[in-house]
There are 2 protein chains.
Amino acid sequence: MIKTIKDSPLYPMVYPDSIAFFGASNRFTSMGSNQLNSLLDMGFEGKIYPVHPKEKTVQGLVAYKSVLELPEVPDLAVMVLPTHVVPQALEECGQKGVARVIIVTGGFKEAGKNGRVLEKQLVDIARRFGIRLLGPNCIGVANPRHRYNVTFIPFVGRPGFIGMSSQSGSFITQMFDYLSPLGLGFSAGISVGNEADLDIVDGMEYLAACPHTRVIALYIETIRRGKAFIEAAREIVRHKPIVALYVGGSEAGKRAGLSHTGALAGPDGLYNGVFRQSGVIRAASISELFDFCWVLGASHLPHGNRVVVQTHSGGPGAAAADACSRAGLKLPEFSPQTLEKLASYVPHTGSVNNPVDLTFTKNPRDFFDAIPRILLEEPAADMLLVYFMAPQKVIERNMKGMGVPEDQMAGLIDKVFCDQAAGIAQLLQDYQKPIIGFSFHERTNPMLQQLHQQGIPALPSPERAARAMAAMAGYARVRAKMDKH
Amino acid sequence: MIKTIKDSPLYPMVYPDSIAFFGASNRFTSMGSNQLNSLLDMGFEGKIYPVHPKEKTVQGLVAYKSVLELPEVPDLAVMVLPTHVVPQALEECGQKGVARVIIVTGGFKEAGKNGRVLEKQLVDIARRFGIRLLGPNCIGVANPRHRYNVTFIPFVGRPGFIGMSSQSGSFITQMFDYLSPLGLGFSAGISVGNEADLDIVDGMEYLAACPHTRVIALYIETIRRGKAFIEAAREIVRHKPIVALYVGGSEAGKRAGLSHTGALAGPDGLYNGVFRQSGVIRAASISELFDFCWVLGASHLPHGNRVVVQTHSGGPGAAAADACSRAGLKLPEFSPQTLEKLASYVPHTGSVNNPVDLTFTKNPRDFFDAIPRILLEEPAADMLLVYFMAPQKVIERNMKGMGVPEDQMAGLIDKVFCDQAAGIAQLLQDYQKPIIGFSFHERTNPMLQQLHQQGIPALPSPERAARAMAAMAGYARVRAKMDKH
């Protein structure tokens, strides 16, 4: 295992200072131009050398006819070229002394017999010159902290704590705008494509050493180095959680993986065994992959699997209770002390059982401070699940009734939500127990935005929240077990 | 079974022309005031008579000290009163001759022994006067076509085709703004609360007869009349699908239901049997309940369970293939004719297998017309699943590069998405096979908005899309089986 990211062969691909760029042109719509543009959009501060057979400048940058003409040996070459010209370009990179090449181009192993021959050729050239390859048939790397993104889609949002090593480029680049409204982002996203050389295990090891990565996400169509994967993962999960989505376990998933990255997938049961053995948490969908990463990165680990549910709506409460049971979580009964403390806050139409159902509360502030405080003090509570419903239209209506001028409303409502979220965030500090929300609102809802910004994950359904809390409890068990050995 | 909605005891509660309103005041924040306000906000065109012991007017309406003083016998009374005064108010409704009463007030059967006694008292009064009750402990009814909504939350969006009969009021009223960005809405939402009299079966029968309801959604904590439920459902599913979420099957769900609506839930297996026997499709979560309703209401029924997946991104394609397999759907291989037709559209980096993966297409329009057309013509395809990714930022970047003025961009992009959605919607007409999308964007994304408006459901993950398509195939099987008998 590497000690720091600088020991990883991926380091110059994630933190390059100079890049030779093959395949961008002045035609805006081409894939290569778009990928160069993503880099320029981010305000990359290193040097970029477009390589183009005809153009003098590309997107305003001085272009070079061949990599051999570059004024320096760049840290990295990125290739978005037609398939048949890649070997020659790689050969020239070798001659120039370029030690790292990202090959975005497809049409290799995933495309059948001829492609396999071509890919073998790339590997031979790379070996001859000591080049390390990422890809082919990958989308590149994003490291927003380094203002560096060579993928197809412009980066949005902020750098975050999720490190991803993925056999799908889309699940990195198309997730930028999925993660952003959740207040999430990538620490680094590494698309490994066909894994002709560097693979998902290398990505995982890099992210384990990355100080900005709190949790590692994997998208897997096949694991080509099983033993290395298990050994590395077992080591990593002692200090950092790993969450994996594996899609090759069904016949259709296996066939799709073969067409996509030339992956030879194995049966689901085998992969379940690999994940269990190595302490990796398996997600059942891409949404779940990021749900799990979110709660694991945002929260303290729980001491057990006992959940208290707080709601003001009976249906969402009952649905949450049922979802928790199905996810293998327990809803403990309260101690007499907790029941006594709750009594004065819960109206006779509500319930002091677990779920605590406040129905219509007199003082909405209690929902965000006094009541969750009582629940977090309950010794049988390992985690708190809170139903959030932002009655924006109701607040607006009431403000209007009270004569609040139209133009002041939005600001006042934002302040209400901000204070409420701050109340909950304070509890996270005070009790060091996970607090997870669920809500049916759009992720862009102002109350949820406040919660996300203050580090409280609010998931879009009780089922997803329950599954995510079960993942936290599961990882806590893995840690406890590993610590014993 | 009733023949028309006018035969239902619920009719005057869903289409009232005059309402006595108990429990609203001039204090804006009270629950009753909010519920009256929801009615006023909708522009209800019938008569509203607030009943208040002290106020002369309530929210600008002439108020009456007692229901006995009203100038006419209203179709309906709505009560949002303190628990202990409900019996007296109900007694007076009986004296006045009011035949329908919605009791929103809680604190009855769900609150323990005393509450059970009080609820029995309500039933006795109602019987004596021949009053039919909805509730207690419900949130009321919403019928947006009648400009009528007596629930706590102001209605947003438009009337739609989902009819809901629910033991949770929140899952009606708090879903207004969940459904709206999907282009969905309720035909009618009926919250049945503790079911002291009218129950979820009555709601289901009403919705079966409702001409605006294409699909019936049920939220269930218990079924109090099992035999009636099965008999009615078996009859209804011959012409209209029913989707049910049952949350009482786990120990925690059962306990929560008891606190919420005094529900005595039964084991999961028993309810699975009831649903299977009656042809009701069971949803595993509230999101799934509405997913299933969406696709069932929006689409033709498929002839089988064979799905073709169309994508331009390998990872989402492989995840979709795997999700379809897990949901019990088949991904058929293509006929030679289809393969031949596809060949010229799919680049050598893509795949003509199922999933069809276009990778980087030269003409984006093909994705929305020529290619899905070929796939829908494939005899082995019962349904089409399409991955939608709106590369808004990429389009903006390219437009900027081509010199399109900033202020024209949004309009041009909207037009692109509108045309693309129209292309897909045309195929729905031409081939009468279900076309379901999936996408990781916010539901408010302009491309998804266009798809939703044109009747193409785009679900937020491949897993949810696959489960929804499996529900469609399942309902098609129910229909085929019922038609034989």
# chains A, B, ... in the order shown; residues from 1 in each chain; ligands from 1
>>> select_by_dssp(residues="region 48-128 of chain A", states="strand (DSSP E)", output="list of chain:residue names")
A:Ile48, A:Tyr49, A:Pro50, A:Val51, A:Thr57, A:Val58, A:Leu61, A:Val62, A:Leu76, A:Ala77, A:Val78, A:Met79, A:Arg100, A:Val101, A:Ile102, A:Ile103
>>> residues_around(residues="region 412-421 of chain A", least_positions_apart="2", cutoff="9 Å", atoms="only C-alpha atoms", output="list in words")
Arg365, Phe367, Phe368, Asp369, Ala390, Gln392, Ile395, Glu396, Gln408, Met409, Ala410, Gly423, Ile424, Ala425, Gln426, Pro446, Met447, Leu448, Gln450, Leu451, His452, Gln453, Gln454 and Ile456 of chain A
>>> closest_atom_pairs(of="chain A", to="chain B", cutoff="7 Å", atoms="only C-alpha atoms", output="JSON lines")
{"residue": "A:Phe28", "atom": "CA", "partner": "B:Asn398", "partner_atom": "CA", "distance": 5.7}
{"residue": "A:Thr29", "atom": "CA", "partner": "B:Asn398", "partner_atom": "CA", "distance": 6.3}
{"residue": "A:Gly106", "atom": "CA", "partner": "B:Thr349", "partner_atom": "CA", "distance": 5.4}
{"residue": "A:Gly107", "atom": "CA", "partner": "B:Thr349", "partner_atom": "CA", "distance": 4.5}
{"residue": "A:Ala111", "atom": "CA", "partner": "B:Thr349", "partner_atom": "CA", "distance": 6.5}
{"residue": "A:Ile153", "atom": "CA", "partner": "B:Val394", "partner_atom": "CA", "distance": 6.5}
{"residue": "A:Pro154", "atom": "CA", "partner": "B:Lys393", "partner_atom": "CA", "distance": 6.7}
{"residue": "A:Ser168", "atom": "CA", "partner": "B:Gly315", "partner_atom": "CA", "distance": 4.8}
{"residue": "A:Ser170", "atom": "CA", "partner": "B:Ser313", "partner_atom": "CA", "distance": 6.2}
{"residue": "A:Phe171", "atom": "CA", "partner": "B:Gly315", "partner_atom": "CA", "distance": 6.6}
{"residue": "A:Tyr178", "atom": "CA", "partner": "B:His441", "partner_atom": "CA", "distance": 6.2}
{"residue": "A:Val247", "atom": "CA", "partner": "B:Asp322", "partner_atom": "CA", "distance": 5.6}
{"residue": "A:Gly248", "atom": "CA", "partner": "B:Asp322", "partner_atom": "CA", "distance": 6.9}
{"residue": "A:Ser250", "atom": "CA", "partner": "B:Asp322", "partner_atom": "CA", "distance": 5.7}
{"residue": "A:Ala252", "atom": "CA", "partner": "B:Ala321", "partner_atom": "CA", "distance": 5.2}
{"residue": "A:Gly253", "atom": "CA", "partner": "B:Asp322", "partner_atom": "CA", "distance": 4.1}
{"residue": "A:Ala256", "atom": "CA", "partner": "B:Ala318", "partner_atom": "CA", "distance": 4.9}
{"residue": "A:Gly257", "atom": "CA", "partner": "B:Ala318", "partner_atom": "CA", "distance": 5.8}
{"residue": "A:Ser259", "atom": "CA", "partner": "B:Ser351", "partner_atom": "CA", "distance": 6.3}
{"residue": "A:His260", "atom": "CA", "partner": "B:Gly314", "partner_atom": "CA", "distance": 5.3}
{"residue": "A:Ser285", "atom": "CA", "partner": "B:Glu463", "partner_atom": "CA", "distance": 6.7}
{"residue": "A:Ser313", "atom": "CA", "partner": "B:Ser170", "partner_atom": "CA", "distance": 6.2}
{"residue": "A:Gly314", "atom": "CA", "partner": "B:His260", "partner_atom": "CA", "distance": 5.3}
{"residue": "A:Gly315", "atom": "CA", "partner": "B:Ser168", "partner_atom": "CA", "distance": 4.8}
{"residue": "A:Ala318", "atom": "CA", "partner": "B:Ala256", "partner_atom": "CA", "distance": 4.9}
{"residue": "A:Ala319", "atom": "CA", "partner": "B:Val247", "partner_atom": "CA", "distance": 5.7}
{"residue": "A:Ala321", "atom": "CA", "partner": "B:Gly253", "partner_atom": "CA", "distance": 5.0}
{"residue": "A:Asp322", "atom": "CA", "partner": "B:Gly253", "partner_atom": "CA", "distance": 4.1}
{"residue": "A:Ser325", "atom": "CA", "partner": "B:Ser250", "partner_atom": "CA", "distance": 6.2}
{"residue": "A:Leu331", "atom": "CA", "partner": "B:Ala252", "partner_atom": "CA", "distance": 6.6}
{"residue": "A:His348", "atom": "CA", "partner": "B:Gly107", "partner_atom": "CA", "distance": 6.2}
{"residue": "A:Thr349", "atom": "CA", "partner": "B:Gly107", "partner_atom": "CA", "distance": 4.5}
{"residue": "A:Ser351", "atom": "CA", "partner": "B:Ser259", "partner_atom": "CA", "distance": 6.3}
{"residue": "A:Pro355", "atom": "CA", "partner": "B:Ala256", "partner_atom": "CA", "distance": 6.5}
{"residue": "A:Lys393", "atom": "CA", "partner": "B:Pro154", "partner_atom": "CA", "distance": 6.7}
{"residue": "A:Val394", "atom": "CA", "partner": "B:Ile153", "partner_atom": "CA", "distance": 6.5}
{"residue": "A:Asn398", "atom": "CA", "partner": "B:Phe28", "partner_atom": "CA", "distance": 5.7}
{"residue": "A:Gly401", "atom": "CA", "partner": "B:Phe28", "partner_atom": "CA", "distance": 6.4}
{"residue": "A:Phe440", "atom": "CA", "partner": "B:Tyr178", "partner_atom": "CA", "distance": 6.4}
{"residue": "A:His441", "atom": "CA", "partner": "B:Tyr178", "partner_atom": "CA", "distance": 6.2}
{"residue": "A:Glu463", "atom": "CA", "partner": "B:Ser285", "partner_atom": "CA", "distance": 6.6}
>>> select_by_dssp(residues="region 65-307 of chain A", states="helix (DSSP H, G or I)", output="PyMOL selection string")
chain A and resi 67-69+83-96+109-111+113-129+144-146+170-173+176-182+200-209+226-236+251-261+268-278+286-298
>>> decode(residues="region 192-208 of chain A", atoms="all heavy atoms", output="compact mmCIF listing (two decimals), in the first residue's frame")
# COMPACT_ATOMS: atom_id res chain seq x y z
N VAL A 192 -11.50 4.74 -15.16
CA VAL A 192 -10.44 3.81 -15.56
C VAL A 192 -10.68 3.08 -16.87
O VAL A 192 -9.80 2.38 -17.38
CB VAL A 192 -10.14 2.79 -14.42
CG1 VAL A 192 -9.62 3.51 -13.19
CG2 VAL A 192 -11.38 1.96 -14.09
N GLY A 193 -11.90 3.20 -17.42
CA GLY A 193 -12.19 2.63 -18.74
C GLY A 193 -11.87 1.16 -18.84
O GLY A 193 -12.22 0.37 -17.96
N ASN A 194 -11.17 0.78 -19.93
CA ASN A 194 -10.88 -0.63 -20.18
C ASN A 194 -9.77 -1.21 -19.30
O ASN A 194 -9.49 -2.40 -19.38
CB ASN A 194 -10.46 -0.83 -21.65
CG ASN A 194 -11.62 -0.67 -22.61
OD1 ASN A 194 -12.74 -0.35 -22.19
ND2 ASN A 194 -11.36 -0.89 -23.90
N GLU A 195 -9.12 -0.39 -18.54
CA GLU A 195 -8.07 -0.85 -17.60
C GLU A 195 -6.96 -1.62 -18.30
O GLU A 195 -6.53 -2.68 -17.82
CB GLU A 195 -8.68 -1.72 -16.49
CG GLU A 195 -9.77 -1.04 -15.69
CD GLU A 195 -10.28 -1.90 -14.54
OE1 GLU A 195 -10.39 -3.12 -14.73
OE2 GLU A 195 -10.54 -1.34 -13.47
N ALA A 196 -6.48 -1.10 -19.41
CA ALA A 196 -5.37 -1.77 -20.09
C ALA A 196 -4.14 -1.80 -19.20
O ALA A 196 -3.33 -2.72 -19.26
CB ALA A 196 -5.05 -1.05 -21.40
N ASP A 197 -4.00 -0.79 -18.35
CA ASP A 197 -2.85 -0.76 -17.43
C ASP A 197 -3.36 -0.44 -16.02
O ASP A 197 -3.70 -1.33 -15.26
CB ASP A 197 -1.82 0.26 -17.93
CG ASP A 197 -0.65 0.46 -16.98
OD1 ASP A 197 -0.43 -0.43 -16.13
OD2 ASP A 197 0.02 1.51 -17.07
N LEU A 198 -3.47 0.83 -15.67
CA LEU A 198 -3.96 1.21 -14.34
C LEU A 198 -5.43 0.84 -14.21
O LEU A 198 -6.20 0.97 -15.17
CB LEU A 198 -3.76 2.72 -14.13
CG LEU A 198 -2.28 3.14 -14.08
CD1 LEU A 198 -2.15 4.65 -14.17
CD2 LEU A 198 -1.61 2.61 -12.81
N ASP A 199 -5.81 0.38 -13.04
CA ASP A 199 -7.18 -0.12 -12.89
C ASP A 199 -7.87 0.43 -11.65
O ASP A 199 -7.35 1.31 -10.96
CB ASP A 199 -7.19 -1.65 -12.93
CG ASP A 199 -6.52 -2.27 -11.70
OD1 ASP A 199 -6.14 -1.50 -10.78
OD2 ASP A 199 -6.39 -3.50 -11.65
N ILE A 200 -9.04 -0.13 -11.39
CA ILE A 200 -9.88 0.38 -10.31
C ILE A 200 -9.20 0.21 -8.95
O ILE A 200 -9.44 1.00 -8.03
CB ILE A 200 -11.26 -0.33 -10.37
CG1 ILE A 200 -12.30 0.48 -9.61
CG2 ILE A 200 -11.19 -1.77 -9.89
CD1 ILE A 200 -13.71 0.20 -10.04
N VAL A 201 -8.33 -0.78 -8.83
CA VAL A 201 -7.60 -0.98 -7.57
C VAL A 201 -6.58 0.15 -7.38
O VAL A 201 -6.44 0.70 -6.28
CB VAL A 201 -6.90 -2.36 -7.53
CG1 VAL A 201 -6.19 -2.56 -6.20
CG2 VAL A 201 -7.91 -3.48 -7.78
N ASP A 202 -5.91 0.54 -8.46
CA ASP A 202 -4.98 1.67 -8.37
C ASP A 202 -5.73 2.94 -7.96
O ASP A 202 -5.24 3.72 -7.14
CB ASP A 202 -4.29 1.91 -9.73
CG ASP A 202 -3.39 0.75 -10.13
OD1 ASP A 202 -2.42 0.48 -9.39
OD2 ASP A 202 -3.65 0.12 -11.16
N GLY A 203 -6.92 3.12 -8.54
CA GLY A 203 -7.73 4.28 -8.19
C GLY A 203 -8.10 4.27 -6.71
O GLY A 203 -8.00 5.28 -6.02
N MET A 204 -8.50 3.11 -6.24
CA MET A 204 -8.91 2.95 -4.84
C MET A 204 -7.74 3.25 -3.91
O MET A 204 -7.89 3.93 -2.89
CB MET A 204 -9.40 1.51 -4.68
CG MET A 204 -9.98 1.15 -3.36
SD MET A 204 -10.80 -0.48 -3.47
CE MET A 204 -9.38 -1.59 -3.33
N GLU A 205 -6.55 2.77 -4.27
CA GLU A 205 -5.37 3.00 -3.43
C GLU A 205 -4.99 4.48 -3.41
O GLU A 205 -4.62 5.02 -2.37
CB GLU A 205 -4.19 2.15 -3.91
CG GLU A 205 -4.41 0.68 -3.60
CD GLU A 205 -3.22 -0.20 -3.96
OE1 GLU A 205 -2.60 0.06 -5.02
OE2 GLU A 205 -2.93 -1.14 -3.21
N TYR A 206 -5.10 5.12 -4.57
CA TYR A 206 -4.83 6.54 -4.61
C TYR A 206 -5.75 7.28 -3.65
O TYR A 206 -5.32 8.10 -2.83
CB TYR A 206 -5.02 7.09 -6.04
CG TYR A 206 -4.90 8.60 -6.08
CD1 TYR A 206 -3.66 9.19 -6.30
CD2 TYR A 206 -6.00 9.41 -5.83
CE1 TYR A 206 -3.53 10.57 -6.28
CE2 TYR A 206 -5.88 10.79 -5.81
CZ TYR A 206 -4.65 11.36 -6.03
OH TYR A 206 -4.52 12.72 -5.99
N LEU A 207 -7.06 6.97 -3.74
CA LEU A 207 -8.06 7.68 -2.94
C LEU A 207 -7.90 7.38 -1.45
O LEU A 207 -8.20 8.23 -0.60
CB LEU A 207 -9.47 7.32 -3.42
CG LEU A 207 -9.76 7.77 -4.86
CD1 LEU A 207 -11.02 7.10 -5.38
CD2 LEU A 207 -9.86 9.29 -4.96
N ALA A 208 -7.41 6.20 -1.13
CA ALA A 208 -7.18 5.86 0.28
C ALA A 208 -6.14 6.79 0.87
O ALA A 208 -6.22 7.20 2.02
CB ALA A 208 -6.72 4.41 0.39
